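Q: Coordinates in target31.cif, mmCIF, C-alpha atoms and all ligand atoms, are listed below.
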data_model
loop_
_atom_site.group_PDB
_atom_site.id
_atom_site.type_symbol
_atom_site.label_atom_id
_atom_site.label_comp_id
_atom_site.auth_asym_id
_atom_site.auth_seq_id
_atom_site.Cartn_x
_atom_site.Cartn_y
_atom_site.Cartn_z
ATOM 1 C CA MET A 1 16.509 -18.506 10.040
ATOM 2 C CA PRO A 2 19.986 -17.688 8.645
ATOM 3 C CA ASP A 3 21.052 -14.112 7.919
ATOM 4 C CA VAL A 4 19.355 -13.983 4.532
ATOM 5 C CA LYS A 5 20.746 -10.605 3.524
ATOM 6 C CA ALA A 6 24.317 -11.702 4.325
ATOM 7 C CA TYR A 7 23.695 -14.783 2.180
ATOM 8 C CA PHE A 8 22.613 -12.754 -0.858
ATOM 9 C CA ARG A 9 25.443 -10.241 -0.397
ATOM 10 C CA SER A 10 28.011 -13.065 -0.492
ATOM 11 C CA PRO A 11 29.603 -14.163 -3.748
ATOM 12 C CA ASN A 12 28.998 -17.647 -5.101
ATOM 13 C CA THR A 13 25.467 -17.858 -3.778
ATOM 14 C CA VAL A 14 22.443 -16.819 -5.833
ATOM 15 C CA ALA A 15 24.495 -16.296 -9.020
ATOM 16 C CA ARG A 16 25.321 -20.010 -8.858
ATOM 17 C CA TRP A 17 21.761 -21.314 -8.824
ATOM 18 C CA TRP A 18 19.481 -18.690 -10.373
ATOM 19 C CA ARG A 19 19.353 -19.750 -14.043
ATOM 20 C CA PRO A 20 15.725 -19.532 -15.181
ATOM 21 C CA GLU A 21 16.660 -19.248 -18.842
ATOM 22 C CA THR A 22 18.371 -22.620 -18.925
ATOM 23 C CA SER A 23 15.996 -24.296 -16.490
ATOM 24 C CA THR A 24 13.796 -27.095 -17.811
ATOM 25 C CA TYR A 25 10.941 -25.069 -16.352
ATOM 26 C CA ARG A 26 11.806 -21.948 -18.278
ATOM 27 C CA HIS A 27 8.279 -21.865 -19.741
ATOM 28 C CA LEU A 28 7.066 -20.706 -16.302
ATOM 29 C CA TYR A 29 9.505 -17.772 -16.304
ATOM 30 C CA GLU A 30 8.716 -16.967 -19.942
ATOM 31 C CA ARG A 31 5.046 -16.791 -19.019
ATOM 32 C CA GLU A 32 5.907 -14.423 -16.167
ATOM 33 C CA LEU A 33 7.843 -12.107 -18.521
ATOM 34 C CA ALA A 34 4.952 -12.246 -21.020
ATOM 35 C CA LEU A 35 2.625 -10.990 -18.265
ATOM 36 C CA VAL A 36 5.080 -8.178 -17.416
ATOM 37 C CA ARG A 37 5.263 -7.188 -21.103
ATOM 38 C CA ARG A 38 1.453 -7.174 -21.266
ATOM 39 C CA ASP A 39 1.225 -4.945 -18.177
ATOM 40 C CA LEU A 40 3.939 -2.537 -19.305
ATOM 41 C CA ARG A 41 2.381 -2.268 -22.790
ATOM 42 C CA SER A 42 -0.986 -1.377 -21.324
ATOM 43 C CA SER A 43 0.332 1.892 -19.864
ATOM 44 C CA THR A 44 3.910 2.440 -21.159
ATOM 45 C CA PRO A 45 5.372 3.947 -17.965
ATOM 46 C CA ALA A 46 7.941 6.724 -18.310
ATOM 47 C CA SER A 47 10.305 5.126 -15.808
ATOM 48 C CA LEU A 48 10.836 1.766 -14.128
ATOM 49 C CA LEU A 49 12.724 0.494 -11.111
ATOM 50 C CA ASP A 50 13.465 -3.240 -11.183
ATOM 51 C CA ILE A 51 13.897 -4.225 -7.521
ATOM 52 C CA SER A 52 16.188 -7.251 -7.200
ATOM 53 C CA CYS A 53 17.019 -7.146 -10.879
ATOM 54 C CA GLY A 54 19.358 -10.141 -10.570
ATOM 55 C CA TYR A 55 21.389 -10.657 -13.750
ATOM 56 C CA GLY A 56 19.146 -8.308 -15.730
ATOM 57 C CA ARG A 57 16.611 -10.876 -16.981
ATOM 58 C CA LEU A 58 13.914 -8.203 -17.265
ATOM 59 C CA LEU A 59 16.166 -5.199 -17.991
ATOM 60 C CA VAL A 60 17.425 -6.737 -21.261
ATOM 61 C CA THR A 61 13.880 -7.022 -22.569
ATOM 62 C CA LEU A 62 12.889 -3.366 -21.979
ATOM 63 C CA PRO A 63 12.721 -0.809 -24.794
ATOM 64 C CA ALA A 64 16.003 1.099 -25.049
ATOM 65 C CA ASP A 65 14.224 4.447 -24.667
ATOM 66 C CA MET A 66 12.560 3.504 -21.352
ATOM 67 C CA ARG A 67 14.282 4.996 -18.288
ATOM 68 C CA ALA A 68 14.949 1.847 -16.260
ATOM 69 C CA ILE A 69 17.127 1.272 -13.213
ATOM 70 C CA GLY A 70 18.096 -2.058 -11.680
ATOM 71 C CA LEU A 71 18.676 -2.550 -7.955
ATOM 72 C CA ASP A 72 20.040 -5.600 -6.174
ATOM 73 C CA ILE A 73 21.774 -6.443 -2.916
ATOM 74 C CA SER A 74 24.232 -8.766 -4.673
ATOM 75 C CA ALA A 75 27.257 -7.081 -6.285
ATOM 76 C CA GLU A 76 27.858 -10.319 -8.165
ATOM 77 C CA MET A 77 24.391 -10.284 -9.733
ATOM 78 C CA LEU A 78 24.840 -6.612 -10.650
ATOM 79 C CA LYS A 79 28.094 -7.458 -12.401
ATOM 80 C CA LEU A 80 26.186 -9.949 -14.556
ATOM 81 C CA SER A 81 23.477 -7.345 -15.120
ATOM 82 C CA ARG A 82 26.091 -4.880 -16.297
ATOM 83 C CA GLN A 83 27.279 -7.420 -18.890
ATOM 84 C CA ASN A 84 23.786 -8.433 -20.004
ATOM 85 C CA ALA A 85 22.154 -5.004 -20.048
ATOM 86 C CA PRO A 86 25.006 -2.573 -20.703
ATOM 87 C CA GLY A 87 24.181 1.070 -20.224
ATOM 88 C CA ARG A 88 21.390 0.533 -17.676
ATOM 89 C CA PRO A 89 22.011 2.351 -14.363
ATOM 90 C CA LEU A 90 22.421 -0.144 -11.506
ATOM 91 C CA VAL A 91 22.337 0.372 -7.758
ATOM 92 C CA CYS A 92 23.619 -1.981 -5.069
ATOM 93 C CA ALA A 93 21.218 -1.623 -2.131
ATOM 94 C CA ASP A 94 18.824 -3.416 0.194
ATOM 95 C CA ALA A 95 15.262 -3.408 -1.133
ATOM 96 C CA GLU A 96 13.979 -2.689 2.373
ATOM 97 C CA ARG A 97 15.593 0.761 2.185
ATOM 98 C CA LEU A 98 15.359 2.110 -1.320
ATOM 99 C CA PRO A 99 17.882 4.926 -1.860
ATOM 100 C CA PHE A 100 15.427 7.062 -3.838
ATOM 101 C CA ALA A 101 13.300 10.095 -3.053
ATOM 102 C CA ASP A 102 9.511 9.795 -2.697
ATOM 103 C CA GLN A 103 7.610 9.589 -6.004
ATOM 104 C CA SER A 104 10.641 8.872 -8.207
ATOM 105 C CA PHE A 105 9.239 6.150 -10.512
ATOM 106 C CA ALA A 106 6.180 5.504 -12.654
ATOM 107 C CA SER A 107 6.452 1.730 -12.306
ATOM 108 C CA ILE A 108 8.263 -0.886 -10.239
ATOM 109 C CA THR A 109 8.847 -4.571 -10.827
ATOM 110 C CA CYS A 110 9.932 -7.115 -8.234
ATOM 111 C CA LEU A 111 10.110 -10.556 -9.813
ATOM 112 C CA MET A 112 10.854 -13.870 -8.098
ATOM 113 C CA SER A 113 12.275 -11.978 -5.121
ATOM 114 C CA LEU A 114 9.658 -11.074 -2.492
ATOM 115 C CA VAL A 115 9.995 -14.605 -1.147
ATOM 116 C CA HIS A 116 13.637 -13.914 -0.243
ATOM 117 C CA PHE A 117 13.079 -10.785 1.821
ATOM 118 C CA PRO A 118 12.935 -11.128 5.613
ATOM 119 C CA ARG A 119 10.329 -8.309 5.567
ATOM 120 C CA PRO A 120 8.487 -8.266 2.221
ATOM 121 C CA ASP A 121 5.916 -5.905 3.760
ATOM 122 C CA ARG A 122 8.658 -3.281 4.196
ATOM 123 C CA VAL A 123 9.790 -3.660 0.582
ATOM 124 C CA ILE A 124 6.211 -3.210 -0.625
ATOM 125 C CA GLN A 125 5.858 -0.082 1.556
ATOM 126 C CA GLU A 126 9.101 1.274 0.141
ATOM 127 C CA ALA A 127 7.876 0.573 -3.393
ATOM 128 C CA CYS A 128 4.709 2.530 -2.631
ATOM 129 C CA ARG A 129 6.740 5.442 -1.267
ATOM 130 C CA VAL A 130 8.983 5.809 -4.336
ATOM 131 C CA LEU A 131 6.129 5.415 -6.837
ATOM 132 C CA VAL A 132 4.294 8.431 -8.197
ATOM 133 C CA PRO A 133 0.530 8.465 -7.487
ATOM 134 C CA GLY A 134 -1.063 6.436 -10.273
ATOM 135 C CA GLY A 135 2.146 4.411 -10.669
ATOM 136 C CA PHE A 136 2.099 0.637 -10.380
ATOM 137 C CA LEU A 137 3.967 -2.277 -8.878
ATOM 138 C CA ILE A 138 4.279 -5.688 -10.521
ATOM 139 C CA ALA A 139 5.375 -8.458 -8.152
ATOM 140 C CA ASP A 140 4.988 -12.177 -7.616
ATOM 141 C CA ILE A 141 5.307 -14.822 -4.931
ATOM 142 C CA ASP A 142 5.740 -18.590 -4.692
ATOM 143 C CA ASN A 143 2.357 -19.935 -3.751
ATOM 144 C CA GLU A 144 2.131 -21.659 -0.384
ATOM 145 C CA ARG A 145 -0.834 -23.662 -1.647
ATOM 146 C CA SER A 146 0.752 -24.830 -4.899
ATOM 147 C CA LEU A 147 0.409 -28.385 -6.085
ATOM 148 C CA GLY A 148 4.212 -28.632 -5.838
ATOM 149 C CA ARG A 149 4.188 -27.668 -2.143
ATOM 150 C CA ALA A 150 1.476 -30.221 -1.478
ATOM 151 C CA VAL A 151 3.524 -32.945 -3.171
ATOM 152 C CA LYS A 152 6.587 -31.915 -1.163
ATOM 153 C CA GLY A 153 4.567 -32.001 2.059
ATOM 154 C CA ILE A 154 3.371 -35.541 1.320
ATOM 155 C CA ALA A 155 6.921 -36.683 0.417
ATOM 156 C CA LYS A 156 8.247 -35.178 3.654
ATOM 157 C CA TYR A 157 5.581 -36.947 5.677
ATOM 158 C CA VAL A 158 6.172 -40.311 3.982
ATOM 159 C CA GLY A 159 9.961 -39.843 4.361
ATOM 160 C CA SER A 160 9.702 -39.073 8.069
ATOM 161 C CA ARG A 161 7.465 -42.140 8.635
ATOM 162 C CA SER A 162 10.123 -44.306 7.015
ATOM 163 C CA GLY A 163 13.024 -42.559 8.781
ATOM 164 C CA VAL A 164 14.421 -40.841 5.657
ATOM 165 C CA ALA A 165 15.092 -37.110 6.005
ATOM 166 C CA MET A 166 14.343 -34.799 3.135
ATOM 167 C CA ASN A 167 16.951 -32.257 2.048
ATOM 168 C CA SER A 168 15.657 -28.793 2.768
ATOM 169 C CA ARG A 169 17.976 -27.044 0.306
ATOM 170 C CA GLY A 170 17.103 -23.363 -0.052
ATOM 171 C CA GLU A 171 14.385 -23.375 2.582
ATOM 172 C CA GLY A 172 16.209 -20.993 4.949
ATOM 173 C CA ILE A 173 16.417 -18.234 2.343
ATOM 174 C CA PHE A 174 12.988 -18.615 0.898
ATOM 175 C CA ARG A 175 9.381 -18.438 2.094
ATOM 176 C CA THR A 176 6.066 -19.085 0.431
ATOM 177 C CA TYR A 177 2.892 -17.003 0.824
ATOM 178 C CA THR A 178 -0.752 -17.492 0.104
ATOM 179 C CA GLU A 179 -2.447 -15.267 -2.443
ATOM 180 C CA GLU A 180 -4.495 -13.704 0.375
ATOM 181 C CA THR A 181 -1.412 -12.778 2.432
ATOM 182 C CA PHE A 182 0.259 -11.336 -0.660
ATOM 183 C CA CYS A 183 -2.770 -9.179 -1.509
ATOM 184 C CA ARG A 184 -3.149 -8.134 2.135
ATOM 185 C CA MET A 185 0.475 -6.891 2.167
ATOM 186 C CA LEU A 186 -0.160 -4.864 -1.006
ATOM 187 C CA ILE A 187 -3.355 -3.326 0.361
ATOM 188 C CA ALA A 188 -1.810 -2.595 3.768
ATOM 189 C CA ALA A 189 0.976 -0.633 2.041
ATOM 190 C CA GLY A 190 -1.625 1.545 0.302
ATOM 191 C CA PHE A 191 -1.962 -0.214 -3.075
ATOM 192 C CA VAL A 192 -5.101 -1.113 -4.965
ATOM 193 C CA VAL A 193 -4.726 -4.628 -6.431
ATOM 194 C CA GLN A 194 -5.703 -4.321 -10.095
ATOM 195 C CA HIS A 195 -5.396 -7.936 -11.124
ATOM 196 C CA VAL A 196 -3.901 -11.238 -10.092
ATOM 197 C CA ASP A 197 -2.612 -13.908 -12.505
ATOM 198 C CA HIS A 198 -1.645 -17.492 -11.820
ATOM 199 C CA ILE A 199 1.420 -19.139 -13.330
ATOM 200 C CA GLY A 200 2.227 -22.817 -13.654
ATOM 201 C CA PHE A 201 -0.364 -25.282 -12.475
ATOM 202 C CA PHE A 202 1.966 -28.172 -13.299
ATOM 203 C CA PRO A 203 4.806 -27.763 -10.839
ATOM 204 C CA SER A 204 8.544 -27.795 -11.205
ATOM 205 C CA THR A 205 8.966 -29.265 -7.720
ATOM 206 C CA SER A 206 12.019 -31.341 -7.035
ATOM 207 C CA ILE A 207 12.301 -33.701 -4.126
ATOM 208 C CA ALA A 208 15.570 -34.907 -2.638
ATOM 209 C CA PHE A 209 15.942 -37.355 0.205
ATOM 210 C CA SER A 210 19.296 -37.421 2.040
ATOM 211 C CA GLY A 211 21.880 -39.450 0.192
ATOM 212 C CA ARG A 212 19.652 -39.924 -2.862
ATOM 213 C CA ARG A 213 19.455 -38.267 -6.235
ATOM 214 C CA GLU A 214 17.144 -35.278 -6.619
ATOM 215 C CA ARG A 215 13.946 -36.203 -8.420
ATOM 216 C CA HIS A 216 11.460 -33.988 -10.161
ATOM 217 C CA PHE A 217 7.814 -34.578 -9.438
ATOM 218 C CA LEU A 218 7.090 -33.937 -13.114
ATOM 219 C CA PRO A 219 9.902 -34.035 -15.676
ATOM 220 C CA GLY A 220 10.435 -30.498 -17.012
ATOM 221 C CA GLU A 221 9.533 -31.580 -20.541
ATOM 222 C CA LEU A 222 6.203 -32.958 -19.378
ATOM 223 C CA SER A 223 5.468 -29.832 -17.355
ATOM 224 C CA ARG A 224 6.219 -27.780 -20.496
ATOM 225 C CA LEU A 225 4.036 -29.965 -22.721
ATOM 226 C CA LEU A 226 1.170 -29.604 -20.267
ATOM 227 C CA SER A 227 1.655 -25.845 -19.946
ATOM 228 C CA PRO A 228 -0.966 -24.879 -22.584
ATOM 229 C CA LEU A 229 -3.483 -26.270 -20.086
ATOM 230 C CA ASP A 230 -2.232 -23.724 -17.545
ATOM 231 C CA GLY A 231 -4.166 -20.980 -19.266
ATOM 232 C CA VAL A 232 -7.399 -22.937 -18.849
ATOM 233 C CA LEU A 233 -6.727 -24.149 -15.305
ATOM 234 C CA SER A 234 -5.673 -20.711 -14.095
ATOM 235 C CA ARG A 235 -9.165 -19.452 -14.925
ATOM 236 C CA LEU A 236 -10.911 -22.103 -12.861
ATOM 237 C CA PRO A 237 -11.423 -20.742 -9.319
ATOM 238 C CA LEU A 238 -10.556 -23.984 -7.566
ATOM 239 C CA ALA A 239 -7.620 -25.028 -9.756
ATOM 240 C CA ARG A 240 -5.912 -21.650 -9.759
ATOM 241 C CA ARG A 241 -5.406 -21.818 -6.015
ATOM 242 C CA TRP A 242 -2.838 -24.530 -6.745
ATOM 243 C CA THR A 243 -0.522 -22.740 -9.196
ATOM 244 C CA THR A 244 3.216 -22.412 -8.570
ATOM 245 C CA TYR A 245 3.389 -18.605 -8.710
ATOM 246 C CA VAL A 246 0.923 -15.810 -8.015
ATOM 247 C CA TYR A 247 1.509 -12.580 -9.929
ATOM 248 C CA ALA A 248 -0.125 -9.227 -9.192
ATOM 249 C CA ARG A 249 -0.279 -5.748 -10.613
ATOM 250 C CA ALA A 250 -1.110 -3.132 -7.978
ATOM 251 C CA ARG A 251 -1.642 0.604 -8.404
ATOM 252 C CA LYS A 252 -0.766 3.430 -6.049
ATOM 253 C CA PRO A 253 -3.998 5.447 -5.887
ATOM 254 C CA GLU A 254 -4.032 9.017 -7.093
ATOM 255 C CA ASN A 255 -6.621 10.246 -4.639
ATOM 256 C CA LEU A 256 -8.757 9.216 -1.692
ATOM 257 C CA ARG A 257 -11.781 8.606 -3.924
ATOM 258 C CA GLU A 258 -9.872 5.896 -5.771
ATOM 259 C CA ILE A 259 -8.956 4.229 -2.471
ATOM 260 C CA GLY A 260 -12.589 4.366 -1.374
ATOM 261 C CA ALA A 261 -13.828 2.873 -4.664
ATOM 262 C CA ALA A 262 -11.458 -0.058 -4.287
ATOM 263 C CA ARG A 263 -12.766 -0.958 -0.819
HETATM 264 C C1 LIG A 301 15.716 -15.406 -7.560
HETATM 265 S S1 LIG A 301 16.612 -13.966 -7.924
HETATM 266 C C2 LIG A 301 15.503 -13.072 -9.010
HETATM 267 C C3 LIG A 301 16.225 -12.054 -9.864
HETATM 268 C C4 LIG A 301 15.384 -11.324 -10.913
HETATM 269 N N1 LIG A 301 14.349 -10.516 -10.316
HETATM 270 C C5 LIG A 301 14.781 -12.298 -11.878
HETATM 271 O O1 LIG A 301 13.558 -12.490 -11.857
HETATM 272 O O2 LIG A 301 15.531 -12.862 -12.683
HETATM 273 C C6 LIG A 301 16.431 -13.060 -6.387
HETATM 274 C C7 LIG A 301 17.228 -11.775 -6.367
HETATM 275 O O3 LIG A 301 16.892 -11.035 -5.183
HETATM 276 C C8 LIG A 301 18.077 -10.392 -4.739
HETATM 277 N N2 LIG A 301 17.870 -9.995 -3.319
HETATM 278 C C9 LIG A 301 17.729 -10.812 -2.254
HETATM 279 N N3 LIG A 301 17.554 -10.091 -1.137
HETATM 280 C C10 LIG A 301 17.591 -8.784 -1.496
HETATM 281 C C11 LIG A 301 17.458 -7.551 -0.784
HETATM 282 N N4 LIG A 301 17.247 -7.537 0.540
HETATM 283 N N5 LIG A 301 17.525 -6.398 -1.476
HETATM 284 C C12 LIG A 301 17.738 -6.398 -2.823
HETATM 285 N N6 LIG A 301 17.865 -7.536 -3.550
HETATM 286 C C13 LIG A 301 17.793 -8.715 -2.901
HETATM 287 C C14 LIG A 301 19.134 -11.441 -4.964
HETATM 288 O O4 LIG A 301 20.447 -10.923 -4.930
HETATM 289 C C15 LIG A 301 18.734 -11.971 -6.334
HETATM 290 O O5 LIG A 301 19.352 -11.275 -7.379
#
Can you turn what I pasted into structure tokens?
A:
Amino acid sequence: MPDVKAYFRSPNTVARWWRPETSTYRHLYERELALVRRDLRSSTPASLLDISCGYGRLLVTLPADMRAIGLDISAEMLKLSRQNAPGRPLVCADAERLPFADQSFASITCLMSLVHFPRPDRVIQEACRVLVPGGFLIADIDNERSLGRAVKGIAKYVGSRSGVAMNSRGEGIFRTYTEETFCRMLIAAGFVVQHVDHIGFFPSTSIAFSGRRERHFLPGELSRLLSPLDGVLSRLPLARRWTTYVYARARKPENLREIGAAR
């Protein structure tokens, strides 16, 4: 595995490819932000830390009177954040070592980023440390069991049988997790998982064989047109195992009784 942190610290890396707002699959990211808005509305936290805030995609949507801080390892992303969300405090740091005292925040978000950390378990533990008791973490992962991954697996197999290698662009800086592993990491850090949502049954997977043009399994437009079905499919126990992203809201318990009740 390459030095992932060095990659994200370097200019001309993530800022070049992370463009969810102009992506043809932006409906998936809009759905994610809608879930965040729902979860923030339900308890209106006094303060928020956005771990790996990127170019400020979430920060720009927060109410001006909410105390919110963005943190990212990439100075380049923070520069974009500063332009997009002027006035928000920003910190350049590694999410595995949060430069904040214990119990500093009422809520934490970590969107589309856990999959890039060499040790996501450490980041989740750090999030738990800097949250006040009763505070909550919102985070998501790319689902190892998604329909898109399955399609990619089949394409890789067929390609290797016919002697055509598949481009593995991005695979060194990115990992997928199952919903169970994700929830286990949250629980091991001391969180109680309050709810899990599933985003994007119809995948945005692209497949590229060496020397050939990248192809999308489903054209973005079609994936978007089918997205109203996501809501239905994500409620069906079998189908929801296959969604592209798994999103969770987890609470840091206030007392031992709460931990016991959750077990
Ligand atoms: C795919 S982007 C997501 C950005 C933002 N959360 C969003 O949803 O738009 C991943 C972000 O994680 C940041 N990142 C990667 N490794 C990090 C680390 N160890 N500590 C802090 N940020 C990190 C990258 O610089 C990048 O901004």
Q: From the options A:Thr109, A:Thr22, A:Gln83, A:Thr61, which residue's atoms come nearest to ligand LIG 301 (chain A), counting only C-alpha atoms and all ligand atoms?
A: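 Looking only at the distances to ligand LIG 301 (chain A), the closest residue turns out to be A:Thr109.
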Q: Looking at all atoms listed in the file, which of A:Leu28, A:Val151, A:Ala15, A:Ala239 is the one that sits closest to Ser227 (chain A)?
A: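 Result for the nearest residue to Ser227 (chain A): A:Leu28.
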Q: As an exercise, work out the distance from atom C12 of ligand LIG 301 (chain A) to CA of Val246 (chain A) in Å and give it to one decimal place.
A: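 Taking atom C12 of ligand LIG 301 (chain A) and CA of Val246 (chain A), their separation equals 20.0 Å.
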Q: Please write out the residues within 7 Å of ligand LIG 301 (chain A) as number ranges by chain, counting only C-alpha atoms and all ligand atoms.
A: A: 5, 8-9, 14, 18, 51-58, 71-74, 77, 93-96, 110-113, 116-117
Q: Quick check, in Å to one decimal: how far apart do CA of Tyr245 (chain A) and CA of Glu179 (chain A) lie?
A: 9.2 Å
Q: Could you tell me which of A:Val196, A:Leu80, A:Ile173, A:Ala106 comes closest to Pro133 (chain A) if we count all atoms listed in the file?
A: A:Ala106
Q: Hey, what's within 7 Å of Ser107 (chain A) if we count only C-alpha atoms and toss same-chain stuff fewer than 3 positions away? As a list in words, please?
A: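 Using only C-alpha atoms, the neighbours found are Pro45, Ser47, Leu48, Leu49, Leu131, Gly135, Phe136 and Leu137 of chain A.
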Q: What is the distance, in Å and to one decimal place, between CA of Asp230 (chain A) and CA of Trp242 (chain A)?
A: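 So the answer is 10.8 Å.
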Q: Expanded to explicit residues, what is the PyMOL selection byres (((chain A and resi 250) around 7) and not hetatm) for this file, as a ChimeraX atom specification?
A: /A:136-138,191-194,248-249,251-252
Q: From (14.7, -0.7, -14.4), in the file's coordinates, out to 7 Å: which residues are reached, counting all atoms listed in the file? Answer as a CSV table (one decimal) with C-alpha atoms, keeping the file's coordinate frame.
A:
chain,number,residue,atom,x,y,z
A,48,LEU,CA,10.8,1.8,-14.1
A,49,LEU,CA,12.7,0.5,-11.1
A,50,ASP,CA,13.5,-3.2,-11.2
A,59,LEU,CA,16.2,-5.2,-18.0
A,67,ARG,CA,14.3,5.0,-18.3
A,68,ALA,CA,14.9,1.8,-16.3
A,69,ILE,CA,17.1,1.3,-13.2
A,70,GLY,CA,18.1,-2.1,-11.7
Q: So that I can check the surroundings of Phe201 (chain A), please list as a list in words every protein, DNA and RNA residue that reaches within 10 Å of it, counting all atoms listed in the file and ignoring chain neighbours fewer than 5 positions away.
A: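 Listing them by chain and then by number gives Leu28, Ser146, Leu147, Gly148, Ser223, Leu226, Ser227, Leu229, Asp230, Gly231, Val232, Leu233, Ser234, Ala239, Arg240, Arg241, Trp242, Thr243, Thr244 and Tyr245 of chain A.
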Q: Can you work out which one of A:Met66, A:Thr44, A:Ile199, A:Arg129 has the shortest atom-to-atom distance to Pro89 (chain A), counting only C-alpha atoms?
A: A:Met66
Q: To verify the selection step, state as a list of chain:residue names which residues the PyMOL selection byres (((chain A and resi 30) around 12) and not hetatm) yields on this input.
A: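 Applying the expression gives A:Pro20, A:Glu21, A:Thr22, A:Ser23, A:Thr24, A:Tyr25, A:Arg26, A:His27, A:Leu28, A:Tyr29, A:Arg31, A:Glu32, A:Leu33, A:Ala34, A:Leu35, A:Val36, A:Arg37, A:Arg57, A:Leu58, A:Thr61, A:Ile199, A:Gly200, A:Arg224, A:Ser227.
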Q: Those same residues, written as a compact mmCIF listing (two decimals), keeping the file's coordinate frame with C-alpha atoms?
A:
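So part-v7.txt came out as:
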# COMPACT_ATOMS: atom_id res chain seq x y z
CA PRO A 20 15.72 -19.53 -15.18
CA GLU A 21 16.66 -19.25 -18.84
CA THR A 22 18.37 -22.62 -18.92
CA SER A 23 16.00 -24.30 -16.49
CA THR A 24 13.80 -27.10 -17.81
CA TYR A 25 10.94 -25.07 -16.35
CA ARG A 26 11.81 -21.95 -18.28
CA HIS A 27 8.28 -21.86 -19.74
CA LEU A 28 7.07 -20.71 -16.30
CA TYR A 29 9.51 -17.77 -16.30
CA ARG A 31 5.05 -16.79 -19.02
CA GLU A 32 5.91 -14.42 -16.17
CA LEU A 33 7.84 -12.11 -18.52
CA ALA A 34 4.95 -12.25 -21.02
CA LEU A 35 2.62 -10.99 -18.26
CA VAL A 36 5.08 -8.18 -17.42
CA ARG A 37 5.26 -7.19 -21.10
CA ARG A 57 16.61 -10.88 -16.98
CA LEU A 58 13.91 -8.20 -17.26
CA THR A 61 13.88 -7.02 -22.57
CA ILE A 199 1.42 -19.14 -13.33
CA GLY A 200 2.23 -22.82 -13.65
CA ARG A 224 6.22 -27.78 -20.50
CA SER A 227 1.66 -25.84 -19.95
Q: Looking at A:Asn84, A:Thr176, A:Trp17, A:Val4, which one is nearest to Arg145 (chain A), with distances taken over only C-alpha atoms?
A: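 Counting only C-alpha atoms, the residue closest to Arg145 (chain A) is A:Thr176.
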